[in-house]
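Notes follow the structure.
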Amino acid sequence: MPQLGLANLEYGLTPQIGLSTTRAGPIGPQMNRVTEGGLLKAPSCYKNKLACLLVARPKKWAAPLERARQSMSLLELRGISKHFGAIHALTDLTFSLEPGQVVGLMGDNGAGKSTLVKVIAGNFPPSHGKILIDGKPVHFSKPVDARAQGIEVVYQELALCNNLTAAANVFLGREPRIGFGPIRILDHATMYRRAGELFKQLKSETRPRDLVRQMSGGQRQAVAIARTRLSEARLVIMDEPTASISVRQVAEVLNLIKRLSEHGIAVILVSHRMPDVFDVAHRVVVMRRGRKVADKKTEASSAEEVTGLITGAIATA
Ligand SMILES: Nc1ncnc2c1ncn2[C@@H]1O[C@H](COP(=O)(O)OP(=O)(O)OP(=O)(O)O)[C@@H](O)[C@H]1O
Ligand SMILES: [Mg+2]
């Protein structure tokens, strides 16, 4: 049976309100082209997929889309364990994530957060258990396999080139080129323009021509996040993005996370910072000694409870 993805559901639902779509394509929020004002023309969507990612959904769609979302998960982990010799870094972990959902992943040092991120990102396979994307089992043997499924990781060190501009970093490794035959040069104009559009979408003040080495921590995060937007990620995992930046920059990064969520992109936010998680996350997942000890809506929890869960004062919640 073919896998029914969210986009396909949207595709199927669209004719009910008399709007047209052109094809059922790759699953992802870019397929939704219903706007507040009516119809966004399909050809322009394909010319500029990023614009499609920004298309707002009318309020009357909220209920059916919500139901559609509830019936499928973007990512599901079933009984994941990871052993490094005698060390049980992850034990029988079950987890699911819906499009646009922000999950705060918390736990003390050594709880297994980064190991979990690495399993999802394809850095190493789990010792046991299954990973499912859109309900389909997947096997990641390297990060590029996860990336092909729309999973991008923004590591704490960000892996940016300090001596290059923001735009060059956004396009690193996939630079557009112009020219003829063997003579092809980098298309800087396109890179500056597209990077500018991405920063604008993210409501970041980062300028495409600025050198990364002159940027603040928050602006660097914006560059790293813009990279994930370029690759049309469906899930962005951020490992401690606000650990070493100023208060103002933290607010900027949290806003970026909200923007991603608004565009239907799911985010796993690994953080030790309670206020950040309670500000942006819909759910909080707490790990202790490789096990998940809580997975609940942030509004149903509290900083005190999460602290208790992290330390072990509260066994589970
Ligand atoms: N490559 C590895 N080889 C052996 N043990 C590992 C490896 N990676 C992680 N571990 C162990 O697995 C456990 C979980 O580590 P992990 O890095 O996932 O914790 P964490 O929750 O990310 O901690 P922190 O908050 O300090 O980043 C630890 O006991 C760690 O020593
Ligand atoms: Mg870690």
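In the structure tokens, chains take letters A, B, ... by order of appearance, with residues numbered from 1 within each chain and ligands from 1 in the order shown.
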
Do you know which residues are within 9 Å of ligand 1 using only C-alpha atoms and all ligand atoms? Can you write them as a ChimeraX atom specification?
-> /A:82-90,106-118,239-240,270-272,287-290

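By only C-alpha atoms, and with residues fewer than 6 positions from stretch 155-169 of chain A along its chain excluded, the set lying at most 8 Å from it is Glu175, Met191, Tyr192, Ala195, Gly196, Thr206, Arg207, Pro208, Arg209, Asp210, Leu211, Val212, Arg213, Arg220, Gln221, Val223, Ala224, Arg227, Met238, Asp239, Glu240 and Pro241 of chain A.
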
Going by DSSP on the backbone, which bits of stretch 106-256 of chain A are strand (DSSP E)? Write them as a PyMOL selection string, please.
-> chain A and resi 106-107+128-133+136-138+151-154+177-180+183-186+235-239

Output of the above residues as a compact mmCIF listing (two decimals), in the first residue's frame, restricted to C-alpha atoms:
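Done, and the output landed in result.txt:
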```txt
# COMPACT_ATOMS: atom_id res chain seq x y z
CA MET A 106 16.37 17.60 28.00
CA GLY A 107 18.50 15.55 30.33
CA HIS A 128 18.10 -2.33 18.24
CA GLY A 129 14.84 -0.78 17.16
CA LYS A 130 13.30 0.89 14.18
CA ILE A 131 13.24 4.37 12.70
CA LEU A 132 10.20 5.26 10.60
CA ILE A 133 9.73 8.31 8.40
CA LYS A 136 7.94 3.78 6.50
CA PRO A 137 10.96 2.02 8.06
CA VAL A 138 14.28 3.58 7.08
CA ILE A 151 16.66 15.62 8.39
CA GLU A 152 19.23 18.34 9.06
CA VAL A 153 21.31 18.91 12.17
CA VAL A 154 22.59 22.29 13.31
CA ARG A 177 27.00 28.48 -11.23
CA ILE A 178 26.65 30.35 -14.47
CA GLY A 179 28.61 30.02 -17.69
CA PHE A 180 28.97 27.98 -20.75
CA ILE A 183 33.75 27.76 -18.15
CA ARG A 184 31.46 28.04 -15.17
CA ILE A 185 31.74 30.58 -12.41
CA LEU A 186 29.92 31.00 -9.11
CA LEU A 235 13.13 18.15 10.59
CA VAL A 236 15.83 20.37 12.02
CA ILE A 237 17.72 19.12 15.07
CA MET A 238 19.54 21.75 17.08
CA ASP A 239 22.07 20.65 19.69
```

Of the listed residues A:Val280, A:Glu232, A:Val267, A:Leu105, that which approaches ligand 2 most closely, counting only C-alpha atoms and all ligand atoms = A:Leu105

Residues of stretch 79-208 of chain A in helix (DSSP H, G or I), written as a PyMOL selection string = chain A and resi 113-120+143-148+166-170+188-201
